[in-house]
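Engineer: My structure is below; once you've seen it, I'll send some questions.
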Amino acid sequence: MREILLVENTPHTEVFFRFSKKRRMTMKDNINSAFFALTDEDRLELYALMARTRALEESLIMNRRTISGPLLVAMGQEAVAAGSFLALHKAGILEESIKAPDHRIMFGATVAIDMLLQKGPSLTRDLFRNFFARATGGNLGRDGNQHWGAIDRRLMPFMCSDMSVNAMVAIGYAEELRRREWPGLLARKRPVGIVFFGDGAAQQGIVHEGMNWVAASNFAHSPEEIARLQKKWIDKITHETRVVRGAPMIFVINENSRACYTSPADEHGASELSKRACGYGNMVGVDVDGTDPEAVFRETWAAIIRAQNLQSTLIVAHSYRLSGHNADQTVYKEGALERREFFEVERIFGCADLGEFRAAVEKDPVHGLWKSTILERKIATREKLDGVLLYERRGMDALLQETLTELKITVMDDEKDRSIFPAFPRELFPDKTRPTKRMGYNKAFAWIVETLIREDERVVYFGEDVANAEGGVLALTKGVYGEFGPVRIFNTPISEEAIVATAAGRALAGGKPKCEFQFGGFWWDGARIFAHVIAPNWYSKKLKFGVTAVFPCGIVHKGSSGHFHEDWPERFLVPMRGIVVVAPATAYEVVGFMRTAHEYEGPVAVLLQISAASLSDFYAEVPEEPYGIPFGKANIVREGKDVTVITYGAACVAAAKNEAEKLSEEGISVEVIDLRTVWPYDEELILSSVAKTGRAVLMHEDYYRFGFGQMLLGDLNGHKFLEHVKTRDIKVLGASTPFIPTDPDLVWDRLPYERGREEGGSTRHRSRKLATAVRDLMKFS
């Protein structure tokens with residue numbers, strides 16, 4: 001009876017879900033038996049939450065001229081936040097759960113945490129500080145309006161204007177909650193993840209990737225499959241739910257009835273968005289009146305119980321935004337703001353029918369629908385409700401005015417910390433008296449991954465086809481799955497954006513995720529998470545993204561796999577800022593850099609040479625004791641006095657070293673510098689070497705024009721580099737074409753090195769192009 005589509009009709013919802021009938025009945029019984037009935041006091045609390053949220057929005061609108069940047073309020077939609085957050089609070093998990101509001105729900109989320117928990121510093125005050133660029137705010141005045149959050153209160157910071165991205169980062173956070181906080185808790189105490197985004201953001205591809213990711217994470221295995229995992233890294237919850245990993249997620253689409261200017265017809269063909277849940281395994285789709293806080297509470301309560309049993313819910317809350325997309329897109333009648341009559345409008349950009357707007361005002365939860373419900377049920381008098389709103393208005397106006405007396409950020413304040421990187425871990429020297437193992441490049445990688453997983457329970461390793469006996473397409477993790485799969489090392493969907501986003505979320509939750517792209521060129525689908533979320537939010541908000549991302553780069557086998565398999569990404573990663581980029585040249589460096597990346601609190605891109613695999617050029621003695629190679633420190637592979645070769649990447653370093661040895665037979669002394677860390681590079685060592693030799697060659701597999709070599713050269717020129725050079729030019733050796741041909745002969749002709757067989761059958765890397773460049777430079781003295 002698995003995979004049967006069932007439909008359940010209730011007075012407020014139409015629910016769609018797809019999973020076993022037996023599990024459905026158990027879930028339904030749990031939800032019904034644990035249903036929380038609201039009291040009249042609770043209903044008044046819902047009104048108070050919405051009144052305070054409305055007062056916050058009104059205060060900002062009244063002070064619009066002093067706010068830099070946009071102001072996006074949620075008038076008419078306050079019930080979505082109030083109902084959802086009160087449900088989390090009544091369930092006893094508001095503080096412990098990860099909450100990822102969009103720009104409109106952020107107001108209600110902030111108010112709810114302050115009102116319901118009544119502990120810690122005022123989040124509302126800090127949100128005001130962010131709107132008015134106060135130096136004491138959580139963002140230090142470096143970001144504005146709703147681009148804010150409080151990760152220490154598990155309120156997901158607003159990291160990217162694509163609301164769907166913020167929501168998908170929360171999935172990774174929720175997976176860490178399941179893995180590291182659920183064990184030992186009663187089911188009703190398990191924290192969950194709840195994310196909000198609009199119907200516009202719901203059309204972005206990452207939403208599909210994220211929901212599909214959750215479906216895979218929440219997949220219920222057969223009893224026979226679970227029995228086979230008895231000795232694996234599984235816990236009691238896995239035995240109960242038959243879910244190996246688990247993402248306890250609730251998705252809430254705040255359906256606005258229109259985007260900025262775009263209608264539902266143009267946005268998504270006026271689709272019934274809740275039915276999309278049918279396309280994902282073990283997900284329920286729910287429609288709810290987003291102006292009715294009790295209905296939202298009820299559906300969120302049910303969704304919490306599902307999430308605590310690793311079944312996700314898609315809630316579509318239907319409401320109407322009673323303002324323009326931006327506050328500036330609402331034209332008020334003369335004197336309306338002074339009277340605080342925010343629905344006296346002459347025009348709303350994007351709204352062609354003011355009659356439709358006025359009809360929606362009747363359902364406004366603060367002045368209309370919910371207020372009428374309370375009055376009809378005789379829960380409170382009109383005077384009492386008006387008094388609640390007046391009290392909240394006065395309080396918000398006073399808090400805002402207090403905030404305006406605080407100091408704004410200054411240029412000097414901003415300059416106090418312009419660091420791009422967190423503090424680097426100290427160098428961890430190996431104990432030279434302890435045993436070592438001679439390892440190949442790939443073997444070293446698998447060994448250190450396995451070691452880190454065993455040492456630190458925060459570590460998980462995931463990616464495309466990594467969890468199998470073969471160790472993936474490139475055998476990078478061979479042998480790891482046998483002991484640690486499928487919980488600590490697991491396969492993912494072909495969803496690079498979700499891979500990076502969930503890794504970012506796991507890191508924010510205190511995890512130490514390692515994620516692998518099957519080939520480095522595949523990273524492009526996840527690039528915007530690095531560019532829009534990870535790098536800038538480290539720099540501006542100091543969020544700790546301890547993510548290690550693995551990029552297998554370069555020639556696959558004999559080549560001919562095209563740029564999407566064999567490209568190098570450093571020329572795109574480096575300008576993003578905030579991302580450490582390393583390129584291990586030997587097995588020793590693979591282990592040392594993976595250890596340092598693990599200790600680091602920021603993001604690291606590890607560029608592995610695919611062709612290094614098990615070739616003799618890349619073997620090394622690897623200490624069994626822990627050691628780490630420092631970021632930003634290059635290594636002199638071979639000392640010399642005539643020419644400096646600056647290079648990185650296993651194949652280029654090997655080729656440069658081997659060619660330097662041959663050139664010594666001609667009396668030319670070449671110094672080879674392995675950058676090791678592509679960014680930030682070791683400027684001091686480069687300058688000291690070139691000051692000694694007076695000649696320089698840059699060598700890498702990146703495109704020789706507009707690649708990292710020219711980027712590096714341009715940066716060095718600003719640091720007295722040219723003062724040390726006595727040649728007419730500086731050679732940059734790289735790929736001769738930006739895209740990789742498929743003909744094997746052309747593939748190798750394009751590269752700055754070649755490989756050949758030597759006596760004994762070993763493969764050695766050489767570089768005729770480097771030899772020619774060095775001989776040319778020796779003409780200058």
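A note on labels: chains of the structure tokens are A, B, ... as shown, every chain counts residues from 1, and ligands are counted from 1 in their shown order.
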Quick one: residues within 12 Å of Asp40 in chain A, only C-alpha atoms counted, chain neighbours fewer than 6 positions away excluded, as a PyMOL selection string?

Structural biologist: chain A and resi 46-47+294+373-375+377-380

Engineer: Take the residues just selected and output them with C-alpha atoms as a compact mmCIF listing (two decimals), in the first residue's frame.

Structural biologist:
# COMPACT_ATOMS: atom_id res chain seq x y z
CA LEU A 46 -3.04 36.46 18.88
CA TYR A 47 -4.64 39.88 18.58
CA GLU A 294 -6.46 30.65 14.56
CA THR A 373 -14.38 37.47 15.58
CA ILE A 374 -13.29 38.48 19.08
CA LEU A 375 -16.17 40.92 19.40
CA ARG A 377 -17.53 35.80 20.63
CA LYS A 378 -17.63 38.43 23.39
CA ILE A 379 -14.03 37.69 24.28
CA ALA A 380 -13.26 41.40 24.68

Engineer: For Gly520 in chain A, work out the shell of residues within 8 Å, counting only C-alpha atoms and skipping chain neighbours fewer than 5 positions away, then give it as a ChimeraX atom specification.

Structural biologist: /A:550-553,564-569,607

Engineer: Can I get the selection written as a compact mmCIF listing (two decimals), in the first residue's frame, with C-alpha atoms?

Structural biologist:
# COMPACT_ATOMS: atom_id res chain seq x y z
CA VAL A 550 35.65 19.94 -2.51
CA PHE A 551 36.23 20.74 -6.20
CA PRO A 552 37.84 17.93 -8.25
CA CYS A 553 39.54 19.81 -11.11
CA PHE A 564 32.07 21.27 -17.54
CA HIS A 565 34.12 18.36 -16.16
CA GLU A 566 37.68 19.65 -16.29
CA ASP A 567 37.55 23.41 -15.64
CA TRP A 568 39.24 25.18 -12.71
CA PRO A 569 37.07 27.67 -10.75
CA LEU A 607 40.79 22.27 -5.44

Engineer: When DSSP works through the backbone of this structure, what residues of range 646-736 of chain A end up as alpha helix (DSSP H), shown as a ChimeraX atom specification?

Structural biologist: /A:650-664,683-693,708-717

Engineer: Quick one: residues within 7 Å of range 317-332 of chain A, only C-alpha atoms, excluding same-chain residues fewer than 3 positions away - as an MDAnalysis selection string?

Structural biologist: chainID A and resid 70:77 80 252:257 260 287:291 336 344:349 357 360

Engineer: Show me, as a list in words, the residues that have an atom within 12 Å of Leu116 in chain A when counting only C-alpha atoms, minus same-chain residues fewer than 2 positions from it.

Structural biologist: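 Counting only the stated atoms, we get Asp42, Glu45, Leu46, Ala48, Leu49, Ala82, Phe85, Leu86, Ala87, Leu88, His89, Lys90, Gly92, Ile93, Leu94, Glu95, Gly108, Ala109, Thr110, Val111, Ala112, Ile113, Asp114, Gln118, Lys119, Gly120 and Ser122 of chain A.
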
Engineer: What parts of range 30-227 of chain A does DSSP call strand (DSSP E)? I'd like the answer as a PDB file with all heavy atoms, in the first residue's frame.

Structural biologist:
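Saved the output as states.pdb:
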ATOM      1  N   ILE A  98      14.568  26.372  14.426  1.00  0.00           N
ATOM      2  CA  ILE A  98      15.160  27.342  13.504  1.00  0.00           C
ATOM      3  C   ILE A  98      14.027  27.971  12.713  1.00  0.00           C
ATOM      4  O   ILE A  98      13.185  27.280  12.145  1.00  0.00           O
ATOM      5  CB  ILE A  98      16.219  26.711  12.576  1.00  0.00           C
ATOM      6  CG1 ILE A  98      16.850  27.787  11.696  1.00  0.00           C
ATOM      7  CG2 ILE A  98      15.674  25.563  11.744  1.00  0.00           C
ATOM      8  CD1 ILE A  98      17.637  28.843  12.449  1.00  0.00           C
ATOM      9  N   LYS A  99      14.015  29.306  12.699  1.00  0.00           N
ATOM     10  CA  LYS A  99      12.920  30.057  12.096  1.00  0.00           C
ATOM     11  C   LYS A  99      13.497  30.945  11.005  1.00  0.00           C
ATOM     12  O   LYS A  99      14.375  31.764  11.283  1.00  0.00           O
ATOM     13  CB  LYS A  99      12.219  30.895  13.168  1.00  0.00           C
ATOM     14  CG  LYS A  99      11.762  30.041  14.361  1.00  0.00           C
ATOM     15  CD  LYS A  99      11.618  30.820  15.644  1.00  0.00           C
ATOM     16  CE  LYS A  99      12.917  31.235  16.277  1.00  0.00           C
ATOM     17  NZ  LYS A  99      13.593  30.189  17.058  1.00  0.00           N
ATOM     18  N   ALA A 100      13.019  30.801   9.787  1.00  0.00           N
ATOM     19  CA  ALA A 100      13.568  31.553   8.653  1.00  0.00           C
ATOM     20  C   ALA A 100      12.462  32.363   7.986  1.00  0.00           C
ATOM     21  O   ALA A 100      11.835  31.904   7.024  1.00  0.00           O
ATOM     22  CB  ALA A 100      14.231  30.619   7.643  1.00  0.00           C
ATOM     23  N   GLY A 193      12.213  23.015  11.869  1.00  0.00           N
ATOM     24  CA  GLY A 193      12.534  24.172  11.045  1.00  0.00           C
ATOM     25  C   GLY A 193      11.269  24.686  10.375  1.00  0.00           C
ATOM     26  O   GLY A 193      10.482  23.889   9.850  1.00  0.00           O
ATOM     27  N   ILE A 194      11.068  25.994  10.399  1.00  0.00           N
ATOM     28  CA  ILE A 194       9.924  26.588   9.707  1.00  0.00           C
ATOM     29  C   ILE A 194      10.438  27.746   8.861  1.00  0.00           C
ATOM     30  O   ILE A 194      11.205  28.579   9.336  1.00  0.00           O
ATOM     31  CB  ILE A 194       8.824  27.047  10.687  1.00  0.00           C
ATOM     32  CG1 ILE A 194       7.592  27.541   9.917  1.00  0.00           C
ATOM     33  CG2 ILE A 194       9.342  28.083  11.678  1.00  0.00           C
ATOM     34  CD1 ILE A 194       6.358  27.720  10.796  1.00  0.00           C
ATOM     35  N   VAL A 195      10.052  27.749   7.592  1.00  0.00           N
ATOM     36  CA  VAL A 195      10.560  28.752   6.653  1.00  0.00           C
ATOM     37  C   VAL A 195       9.389  29.412   5.936  1.00  0.00           C
ATOM     38  O   VAL A 195       8.344  28.796   5.712  1.00  0.00           O
ATOM     39  CB  VAL A 195      11.533  28.127   5.634  1.00  0.00           C
ATOM     40  CG1 VAL A 195      12.719  27.489   6.330  1.00  0.00           C
ATOM     41  CG2 VAL A 195      10.829  27.104   4.755  1.00  0.00           C
ATOM     42  N   PHE A 196       9.570  30.688   5.600  1.00  0.00           N
ATOM     43  CA  PHE A 196       8.523  31.467   4.962  1.00  0.00           C
ATOM     44  C   PHE A 196       9.070  32.118   3.692  1.00  0.00           C
ATOM     45  O   PHE A 196      10.195  32.636   3.684  1.00  0.00           O
ATOM     46  CB  PHE A 196       8.038  32.578   5.898  1.00  0.00           C
ATOM     47  CG  PHE A 196       7.495  32.098   7.211  1.00  0.00           C
ATOM     48  CD1 PHE A 196       8.351  31.779   8.265  1.00  0.00           C
ATOM     49  CD2 PHE A 196       6.132  31.986   7.419  1.00  0.00           C
ATOM     50  CE1 PHE A 196       7.854  31.352   9.486  1.00  0.00           C
ATOM     51  CE2 PHE A 196       5.624  31.554   8.645  1.00  0.00           C
ATOM     52  CZ  PHE A 196       6.490  31.238   9.676  1.00  0.00           C
ATOM     53  N   PHE A 197       8.283  32.116   2.650  1.00  0.00           N
ATOM     54  CA  PHE A 197       8.620  32.861   1.439  1.00  0.00           C
ATOM     55  C   PHE A 197       7.336  33.107   0.667  1.00  0.00           C
ATOM     56  O   PHE A 197       6.312  32.444   0.899  1.00  0.00           O
ATOM     57  CB  PHE A 197       9.661  32.132   0.579  1.00  0.00           C
ATOM     58  CG  PHE A 197       9.396  30.673   0.364  1.00  0.00           C
ATOM     59  CD1 PHE A 197       8.648  30.228  -0.713  1.00  0.00           C
ATOM     60  CD2 PHE A 197       9.897  29.725   1.247  1.00  0.00           C
ATOM     61  CE1 PHE A 197       8.401  28.882  -0.915  1.00  0.00           C
ATOM     62  CE2 PHE A 197       9.660  28.365   1.064  1.00  0.00           C
ATOM     63  CZ  PHE A 197       8.899  27.945  -0.022  1.00  0.00           C
ATOM     64  N   GLY A 198       7.365  34.075  -0.237  1.00  0.00           N
ATOM     65  CA  GLY A 198       6.175  34.434  -0.979  1.00  0.00           C
ATOM     66  C   GLY A 198       5.931  33.536  -2.172  1.00  0.00           C
ATOM     67  O   GLY A 198       6.765  32.699  -2.542  1.00  0.00           O
TER      68      GLY A 198
END

Engineer: Could you list, as JSON, numbers by chain, every residue within 12 Å of His268 in chain A, counting only C-alpha atoms and ignoring same-chain residues fewer than 5 positions away?

Structural biologist: {"A": [199, 200, 201, 202, 203, 204, 255, 257, 258, 259, 262, 263, 273, 276]}

Engineer: Which residue, A:Glu621, A:Glu701, A:Glu659, A:Asp743, has the smallest gap to Lys443 in chain A when you use only C-alpha atoms?

Structural biologist: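 With only C-alpha atoms as the atom set, the closest residue is A:Glu621.
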
Engineer: Out of A:Thr477, A:Ala583, A:Arg298, A:Phe519, which residue has the shortest atom-to-atom distance to Ile494 in chain A when counting only C-alpha atoms?

Structural biologist: A:Phe519

Engineer: Can you pull out the residues contacting Asn442 in chain A? Cut-off 10 Å, using only C-alpha atoms, and skip same-chain residues under 6 positions away; I want them as a list of chain:residue names.

Structural biologist: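 Using only C-alpha atoms, the neighbours found are A:Leu474, A:Ala475, A:Leu476, A:Thr477, A:Lys478, A:Thr586, A:Ala587, A:Val590, A:Leu608, A:Gln609, A:Ile610, A:Ser611, A:Ala612, A:Ala613, A:Ser614, A:Leu615, A:Phe618, A:Tyr619.
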
Engineer: Of the candidates A:Ser161, A:Ser84, A:Asn491, A:Ser781, which one gets nearest to Ile529 in chain A if we count only C-alpha atoms?

Structural biologist: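 Once distances to Ile529 in chain A are computed over only C-alpha atoms, the minimum belongs to A:Ser161.
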
Engineer: Measuring atom to atom with only C-alpha atoms, identify which of A:Pro493, A:Pro430, A:Gly269, A:Pro365 is nearest to Asn212 in chain A.

Structural biologist: A:Pro493

Engineer: Name all residues at most 8 Å from Ala585 in chain A (count only C-alpha atoms; drop same-chain ones fewer than 5 positions away) and give them as a VMD selection string.

Structural biologist: chain A and resid 590 609 618 648 to 651 653 to 654 674 676

Engineer: Just how far from CA of Phe706 in chain A is CA of Met594 in chain A, in Å to one decimal?

Structural biologist: 28.9 Å

Engineer: Pick out the closest residue to Leu573 in chain A from this set: A:Ile646, A:Ala634, A:Trp679, A:Arg775. Count only C-alpha atoms.

Structural biologist: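 Among A:Ile646, A:Ala634, A:Trp679, A:Arg775, it is A:Trp679 that comes nearest to Leu573 in chain A.
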